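**Student:** Here you go, this is protein-v1.cif (mmCIF, C-alpha atoms).
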```
data_structure
#
loop_
_atom_site.label_atom_id
_atom_site.label_comp_id
_atom_site.auth_asym_id
_atom_site.auth_seq_id
_atom_site.Cartn_x
_atom_site.Cartn_y
_atom_site.Cartn_z
CA MET A 4 -15.73 0.13 5.70
CA SER A 5 -15.07 2.81 8.31
CA SER A 6 -11.66 4.35 8.95
CA GLY A 7 -9.51 3.24 11.86
CA ILE A 8 -6.64 1.02 12.86
CA VAL A 9 -6.47 -2.74 13.38
CA LEU A 10 -3.94 -4.58 15.54
CA VAL A 11 -2.75 -7.88 14.07
CA ASP A 12 -0.49 -10.54 15.60
CA LYS A 13 1.54 -11.46 12.53
CA PRO A 14 2.52 -15.13 12.27
CA GLY A 15 5.95 -16.27 11.17
CA GLY A 16 6.57 -17.04 7.52
CA MET A 17 4.49 -14.16 6.16
CA THR A 18 5.58 -10.72 5.00
CA SER A 19 3.94 -7.60 6.34
CA HIS A 20 2.60 -6.99 2.84
CA ASP A 21 0.93 -10.43 2.90
CA VAL A 22 -1.01 -9.31 5.99
CA VAL A 23 -1.94 -6.03 4.30
CA ALA A 24 -3.18 -7.89 1.21
CA ARG A 25 -5.37 -10.20 3.29
CA THR A 26 -6.77 -7.26 5.23
CA ARG A 27 -7.63 -5.44 2.00
CA ARG A 28 -9.70 -8.43 0.90
CA LEU A 29 -11.43 -8.83 4.25
CA ALA A 30 -12.14 -5.11 4.64
CA GLY A 31 -13.12 -4.55 1.02
CA THR A 32 -10.85 -1.53 0.58
CA ARG A 33 -7.55 -0.83 -1.14
CA LYS A 34 -6.68 1.87 1.37
CA VAL A 35 -4.75 -0.24 3.88
CA GLY A 36 -1.23 0.46 5.10
CA HIS A 37 1.00 -0.73 7.94
CA ALA A 38 3.25 1.01 10.44
CA GLY A 39 6.61 -0.71 10.63
CA THR A 40 7.63 -3.78 8.64
CA LEU A 41 8.27 -7.11 10.33
CA ASP A 42 10.56 -9.62 8.63
CA PRO A 43 8.91 -12.90 7.55
CA MET A 44 10.76 -14.70 10.36
CA ALA A 45 9.38 -12.29 12.97
CA THR A 46 6.02 -12.50 14.69
CA GLY A 47 3.99 -10.05 16.70
CA LEU A 48 2.32 -6.70 16.56
CA LEU A 49 1.57 -5.15 13.19
CA ILE A 50 -0.55 -1.98 13.16
CA LEU A 51 -2.71 -1.47 10.09
CA GLY A 52 -4.49 1.72 9.07
CA LEU A 53 -7.68 1.58 6.99
CA ASN A 54 -8.98 4.34 4.73
CA SER A 55 -8.21 7.85 6.03
CA ALA A 56 -6.60 6.40 9.19
CA THR A 57 -3.56 5.54 7.06
CA ARG A 58 -2.66 9.18 7.73
CA LEU A 59 -2.09 8.29 11.40
CA LEU A 60 0.54 5.69 10.53
CA THR A 61 3.26 8.29 9.97
CA TYR A 62 3.02 9.08 13.69
CA VAL A 63 2.81 5.43 14.78
CA VAL A 64 6.01 4.48 12.91
CA GLY A 65 8.09 6.79 15.10
CA LEU A 66 6.92 5.37 18.43
CA ASP A 67 9.20 3.33 20.70
CA LYS A 68 8.89 -0.44 20.50
CA GLU A 69 9.33 -3.55 22.62
CA TYR A 70 10.52 -6.97 21.44
CA THR A 71 11.28 -10.37 22.83
CA ALA A 72 13.98 -12.26 20.97
CA THR A 73 16.38 -15.18 21.08
CA ILE A 74 20.05 -14.40 20.48
CA VAL A 75 22.40 -17.25 19.56
CA LEU A 76 26.03 -16.70 20.58
CA GLY A 77 28.60 -18.86 18.79
CA ALA A 78 28.11 -18.10 15.10
CA ASP A 79 27.47 -15.13 12.86
CA THR A 80 25.56 -15.14 9.58
CA THR A 81 25.26 -13.11 6.38
CA THR A 82 21.89 -11.71 7.47
CA ASP A 83 22.50 -11.48 11.24
CA ASP A 84 19.67 -13.97 11.72
CA ALA A 85 19.06 -17.70 11.37
CA GLU A 86 17.93 -17.39 7.74
CA GLY A 87 21.39 -16.35 6.50
CA GLU A 88 24.44 -18.41 5.63
CA THR A 89 26.85 -19.10 8.47
CA LEU A 90 30.08 -17.09 8.23
CA THR A 91 32.08 -18.19 11.27
CA VAL A 92 31.59 -20.69 14.08
CA ALA A 93 33.23 -20.35 17.49
CA SER A 94 35.05 -23.28 19.09
CA PRO A 95 33.58 -25.05 22.13
CA ALA A 96 36.46 -23.66 24.18
CA ALA A 97 35.61 -20.10 23.15
CA ILE A 98 31.94 -20.70 23.99
CA SER A 99 32.70 -22.08 27.44
CA ALA A 100 34.97 -19.11 28.14
CA VAL A 101 32.06 -16.66 27.80
CA THR A 102 30.98 -15.84 31.35
CA GLU A 103 27.68 -14.45 32.62
CA ALA A 104 29.56 -11.33 33.69
CA ALA A 105 30.94 -10.86 30.17
CA ILE A 106 27.46 -11.20 28.69
CA ALA A 107 26.11 -8.66 31.18
CA ALA A 108 28.93 -6.23 30.34
CA GLY A 109 28.27 -6.67 26.63
CA ILE A 110 24.59 -5.91 27.10
CA THR A 111 25.41 -2.83 29.18
CA ALA A 112 27.66 -1.57 26.38
CA LEU A 113 24.73 -1.89 23.97
CA SER A 114 22.26 -0.09 26.22
CA GLY A 115 21.28 3.57 26.42
CA ASP A 116 22.09 5.98 23.61
CA ILE A 117 24.33 4.14 21.15
CA LEU A 118 25.45 4.28 17.53
CA GLN A 119 24.26 1.23 15.62
CA VAL A 120 25.22 0.03 12.14
CA PRO A 121 22.04 -1.49 10.64
CA SER A 122 22.09 -4.98 9.19
CA SER A 123 23.27 -4.99 5.58
CA VAL A 124 20.08 -6.80 4.56
CA SER A 125 17.84 -4.04 5.93
CA ALA A 126 15.34 -2.06 3.87
CA ILE A 127 17.45 1.10 4.07
CA LYS A 128 17.96 2.65 0.65
CA VAL A 129 21.47 2.99 -0.77
CA ASN A 130 21.58 5.17 -3.89
CA GLY A 131 17.87 4.61 -4.43
CA GLU A 132 17.89 0.82 -3.97
CA ARG A 133 17.14 -1.25 -0.88
CA ALA A 134 20.26 -2.51 0.87
CA TYR A 135 18.96 -6.08 0.95
CA ALA A 136 18.48 -6.04 -2.83
CA ARG A 137 22.10 -4.98 -3.34
CA VAL A 138 23.32 -7.69 -0.97
CA ARG A 139 21.29 -10.36 -2.77
CA ALA A 140 22.78 -9.14 -6.05
CA GLY A 141 26.23 -9.93 -4.68
CA GLU A 142 27.32 -6.44 -3.65
CA THR A 143 29.08 -5.61 -0.42
CA VAL A 144 27.01 -2.97 1.37
CA GLU A 145 28.39 -0.88 4.21
CA LEU A 146 25.79 1.21 5.99
CA LYS A 147 26.51 4.21 8.16
CA SER A 148 25.93 4.05 11.89
CA ARG A 149 22.92 5.88 13.27
CA PRO A 150 21.92 6.92 16.79
CA VAL A 151 19.36 4.73 18.53
CA THR A 152 18.22 4.40 22.12
CA ILE A 153 18.03 1.06 23.91
CA SER A 154 16.02 1.84 27.04
CA ALA A 155 15.84 -1.79 28.22
CA PHE A 156 17.94 -4.84 27.29
CA GLU A 157 17.53 -7.71 29.71
CA VAL A 158 18.17 -11.45 29.66
CA LEU A 159 15.10 -13.51 30.54
CA GLU A 160 16.68 -16.95 30.22
CA THR A 161 20.07 -18.45 29.32
CA ARG A 162 20.64 -21.89 27.77
CA ARG A 163 24.17 -23.20 27.35
CA GLY A 164 25.33 -25.88 24.96
CA GLU A 165 28.70 -27.07 23.74
CA ASP A 166 28.51 -25.09 20.51
CA ARG A 167 26.24 -22.16 21.47
CA ILE A 168 24.69 -20.00 24.14
CA GLU A 169 21.06 -19.02 23.63
CA LEU A 170 19.74 -15.89 25.32
CA ASP A 171 16.04 -15.08 25.52
CA VAL A 172 15.93 -11.30 25.86
CA ARG A 173 13.53 -8.38 26.13
CA VAL A 174 14.39 -5.12 24.40
CA GLU A 175 12.72 -1.71 24.54
CA CYS A 176 14.10 0.65 21.93
CA SER A 177 13.59 3.70 19.77
CA THR A 178 12.32 3.46 16.24
CA GLY A 179 14.96 2.49 13.70
CA THR A 180 16.67 -0.02 16.00
CA TYR A 181 17.65 -3.39 14.51
CA ILE A 182 17.44 -6.24 17.02
CA ARG A 183 19.47 -8.38 14.60
CA ALA A 184 22.25 -5.83 14.86
CA LEU A 185 22.16 -6.07 18.67
CA ALA A 186 22.63 -9.84 18.37
CA ARG A 187 25.48 -9.36 15.88
CA ASP A 188 27.22 -6.75 17.99
CA LEU A 189 26.82 -8.65 21.26
CA GLY A 190 28.40 -11.73 19.69
CA ALA A 191 31.18 -9.70 18.10
CA GLY A 192 31.99 -8.00 21.39
CA LEU A 193 32.25 -11.39 23.10
CA GLY A 194 34.48 -12.73 20.33
CA VAL A 195 32.21 -15.65 19.40
CA GLY A 196 29.80 -14.18 16.85
CA GLY A 197 26.07 -13.82 17.26
CA HIS A 198 22.81 -13.83 15.37
CA LEU A 199 19.06 -13.74 15.97
CA SER A 200 17.01 -16.93 15.87
CA ALA A 201 13.61 -15.58 16.94
CA LEU A 202 11.95 -12.16 17.13
CA ARG A 203 8.56 -11.04 18.38
CA ARG A 204 7.29 -7.46 18.56
CA THR A 205 5.18 -7.07 21.68
CA ARG A 206 4.46 -3.33 21.77
CA ILE A 207 4.44 -0.19 19.62
CA GLY A 208 3.93 2.92 21.75
CA PRO A 209 0.68 2.36 23.71
CA PHE A 210 -0.46 -0.55 21.52
CA MET A 211 0.09 -4.08 22.87
CA VAL A 212 0.25 -7.41 21.05
CA GLY A 213 -2.07 -8.86 23.70
CA ASP A 214 -4.84 -6.72 22.21
CA ALA A 215 -4.13 -7.87 18.64
CA ALA A 216 -6.13 -10.36 16.59
CA SER A 217 -4.54 -13.45 15.13
CA LEU A 218 -4.60 -13.67 11.35
CA GLU A 219 -7.04 -16.61 11.57
CA ASP A 220 -9.46 -14.53 13.65
CA LEU A 221 -9.00 -11.28 11.74
CA ALA A 222 -12.31 -9.51 11.12
CA PRO A 223 -11.48 -5.83 10.48
CA ALA A 224 -15.03 -4.53 10.86
CA GLN A 225 -15.31 -6.02 14.38
CA GLN A 226 -11.76 -5.25 15.53
CA LEU A 227 -11.46 -1.72 14.15
CA ILE A 228 -10.25 0.97 16.56
CA ALA A 229 -11.92 4.16 15.34
CA SER A 230 -9.62 6.94 14.14
CA ALA A 231 -10.69 9.24 16.98
CA SER A 232 -9.99 6.57 19.62
CA ALA A 233 -6.60 5.75 18.09
CA ALA A 234 -5.67 9.43 17.90
CA ALA A 235 -6.67 9.89 21.55
CA MET A 236 -4.13 7.19 22.49
CA LEU A 237 -1.41 9.12 20.66
CA PHE A 238 -2.16 12.81 21.22
CA PRO A 239 -3.92 15.25 23.55
CA THR A 240 -7.43 15.96 22.29
CA VAL A 241 -9.79 18.92 22.02
CA THR A 242 -13.49 18.76 21.19
CA LEU A 243 -14.50 21.71 19.03
CA ASP A 244 -17.83 23.47 18.82
CA ALA A 245 -19.79 22.98 15.59
CA GLN A 246 -18.60 26.17 13.87
CA ARG A 247 -14.91 25.65 14.59
CA ALA A 248 -15.26 22.04 13.46
CA VAL A 249 -16.64 23.22 10.12
CA ASP A 250 -13.97 25.91 9.78
CA LEU A 251 -11.14 23.49 10.51
CA GLY A 252 -12.57 21.00 8.03
CA HIS A 253 -12.45 23.76 5.40
CA GLY A 254 -8.79 24.47 6.13
CA LYS A 255 -9.31 27.65 8.14
CA ARG A 256 -7.38 28.64 11.25
CA ILE A 257 -9.42 28.46 14.43
CA GLY A 258 -9.29 29.94 17.92
CA LEU A 259 -7.63 28.19 20.84
CA GLU A 260 -10.55 28.06 23.29
CA GLY A 261 -10.38 24.78 25.24
CA PHE A 262 -7.07 23.68 23.74
CA PRO A 263 -4.62 21.78 25.98
CA GLU A 264 -1.18 23.26 26.49
CA THR A 265 1.27 21.15 24.49
CA SER A 266 3.97 21.68 21.92
CA GLY A 267 3.04 18.69 19.76
CA PRO A 268 0.07 17.78 17.58
CA ILE A 269 -3.43 17.86 19.04
CA ALA A 270 -6.28 15.65 17.84
CA ALA A 271 -9.28 17.85 17.05
CA LEU A 272 -12.68 16.19 17.38
CA ALA A 273 -16.11 17.25 16.13
CA PRO A 274 -18.97 17.58 18.66
CA GLY A 275 -20.05 14.03 17.83
CA GLY A 276 -16.55 12.65 18.44
CA ARG A 277 -15.36 12.27 14.84
CA LEU A 278 -11.67 12.98 14.21
CA ILE A 279 -11.40 16.10 12.05
CA GLY A 280 -7.64 16.48 11.99
CA LEU A 281 -4.37 16.86 13.78
CA VAL A 282 -3.68 20.50 14.54
CA SER A 283 -0.76 22.63 15.58
CA ALA A 284 -1.47 25.41 18.06
CA GLY A 285 0.24 28.77 17.66
CA SER A 286 0.09 31.75 20.00
CA THR A 287 -3.44 32.79 19.05
CA THR A 288 -4.79 30.28 16.50
CA ALA A 289 -4.47 26.64 15.47
CA ARG A 290 -4.03 25.24 11.99
CA CYS A 291 -4.64 21.76 10.61
CA ILE A 292 -1.50 19.76 9.77
CA VAL A 293 -3.29 16.53 8.75
CA ASN A 294 -6.98 16.35 7.94
CA PHE A 295 -9.16 13.25 8.17
CA PRO A 296 -12.04 13.36 5.71
CA THR A 297 -15.27 11.50 6.38
CA ASP A 298 -15.27 7.98 5.02
CA ALA A 299 -17.50 9.01 2.14
CA ALA A 300 -15.02 11.71 1.12
CA ALA A 301 -12.07 9.38 1.68
CA GLU A 302 -13.44 6.98 -0.92
CA ASP A 303 -12.65 9.56 -3.59
CA SER A 304 -9.31 10.75 -2.20
CA PRO A 305 -5.88 9.48 -3.28
CA GLU A 306 -4.13 6.97 -1.07
CA GLY A 307 -1.92 8.51 1.60
CA PRO A 308 1.86 8.13 1.90
CA ALA A 309 1.61 5.37 4.47
CA GLN A 310 0.17 2.86 2.02
CA SER A 311 1.96 -0.45 1.64
#
```
Spell out the structure here as structure tokens.

**Tutor:**
Amino acid sequence: MSSGIVLVDKPGGMTSHDVVARTRRLAGTRKVGHAGTLDPMATGLLILGLNSATRLLTYVVGLDKEYTATIVLGADTTTDDAEGETLTVASPAAISAVTEAAIAAGITALSGDILQVPSSVSAIKVNGERAYARVRAGETVELKSRPVTISAFEVLETRRGEDRIELDVRVECSTGTYIRALARDLGAGLGVGGHLSALRRTRIGPFMVGDAASLEDLAPAQQLIASASAAAMLFPTVTLDAQRAVDLGHGKRIGLEGFPETSGPIAALAPGGRLIGLVSAGSTTARCIVNFPTDAAAEDSPEGPAQS
């Protein structure tokens, strides 16, 4: 099986690891990892790396993301989503008092550069253990706020009932943002509580869920995006001559002829188009920061850090 990435539209009710396990069986390789966990309740785009392309996933994880979601105003839960136990329920009078203007103001307050306290049932580690594991063990976990950027937060549709208001929303955000926490904080700010009832990831960086395969139609060999093509969607590229390609593959520094001017990583390609590595350009030479061995060599290499 060649190296590359596969876009999967994860169904609800499955963990991200379930999707990885199925892909390993279909692709016939253990070297499969994913970029960015989706909760079992969530659906949408999951990016998988196969073989040496798992080394690209570190860079995919940090990309901005887009989601569509349904926020329920009128109750908060232990998990900030519909799978948790209900903590408080707002009265019908409190629900009816929530105006469209108040909702809009609450969304504005949660837009732009904000400090967000992640959900206590997140996968963030606290003293070496996942926060959600501590919560399930009966502990009270208080996580520190962290800076995130909400570049878009818009209401697509509003449905009002006697005991709740449901908002279908679209969110574009930086990595590390918890949409459940946005639902929680919007409800708290309006004084009625809030939680998430549906979540779908529609984009990660340049990768769209519309280009992803359903799990039923997943055939990794046919849907594989080659490592070089994936890298070209993420970074500027340079095609090296044969000698510099060999030198870079052997870990040597190479000259900068033909290199684009950029401060970030550059994807270096062999004359035939194969991805050799990601390089960092200095003032006179470039060095490899991540190498991508041929698939034959990758078979004998240890699994990368992005494995699931």

**Student:** If you measure from atom CA of A:Pro268 to atom CA of A:Ser230, what distance in Å do you get, rounded to one decimal?

**Tutor:**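 Between atom CA of A:Pro268 and atom CA of A:Ser230 the gap works out to 14.9 Å.
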
**Student:** As a PDB file with C-alpha atoms, in the frame of the given file, please: the residues near A:Met17 (cut-off 9 Å, only C-alpha atoms, same-chain neighbours under 3 positions excluded).

**Tutor:**
```pdb
ATOM      1  CA  LYS A  13       1.540 -11.460  12.530  1.00  0.00           C
ATOM      2  CA  PRO A  14       2.520 -15.130  12.270  1.00  0.00           C
ATOM      3  CA  HIS A  20       2.600  -6.990   2.840  1.00  0.00           C
ATOM      4  CA  ASP A  21       0.930 -10.430   2.900  1.00  0.00           C
ATOM      5  CA  VAL A  22      -1.010  -9.310   5.990  1.00  0.00           C
ATOM      6  CA  ASP A  42      10.560  -9.620   8.630  1.00  0.00           C
ATOM      7  CA  PRO A  43       8.910 -12.900   7.550  1.00  0.00           C
ATOM      8  CA  MET A  44      10.760 -14.700  10.360  1.00  0.00           C
ATOM      9  CA  ALA A  45       9.380 -12.290  12.970  1.00  0.00           C
ATOM     10  CA  THR A  46       6.020 -12.500  14.690  1.00  0.00           C
TER      11      THR A  46
END
```

**Student:** Compare A:Ala245, A:Leu51, A:Cys291, A:Ala186 by their minimum atom-to-atom distance to A:Pro274, counting only C-alpha atoms, and give me the closest one.

**Tutor:**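 Among the listed residues, the smallest separation from A:Pro274 belongs to A:Ala245.
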
**Student:** For A:Val174, list every protein, DNA or RNA residue within 7 Å, evaluated using all atoms listed in the file, and leave out those in the same chain fewer than 4 positions away; present the list as a PyMOL selection string.

**Tutor:** chain A and resi 69-71+155-157

**Student:** List as number ranges by chain the protein and nucleic acid residues near A:Arg33, meaning an atom at most 9 Å away when only C-alpha atoms are counted, but skip any in the same chain fewer than 4 places from it.

**Tutor:** A: 24, 27-28, 53-54, 306

**Student:** To one decimal in Å, tell me the separation between atom CA of A:Leu59 and atom CA of A:Thr288.

**Tutor:**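 Atom-to-atom, atom CA of A:Leu59 and atom CA of A:Thr288 are spaced 22.7 Å apart.
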
**Student:** What does the structure give for the distance between atom CA of A:Ala108 and atom CA of A:Gly194, in Å to one decimal?

**Tutor:** 13.2 Å
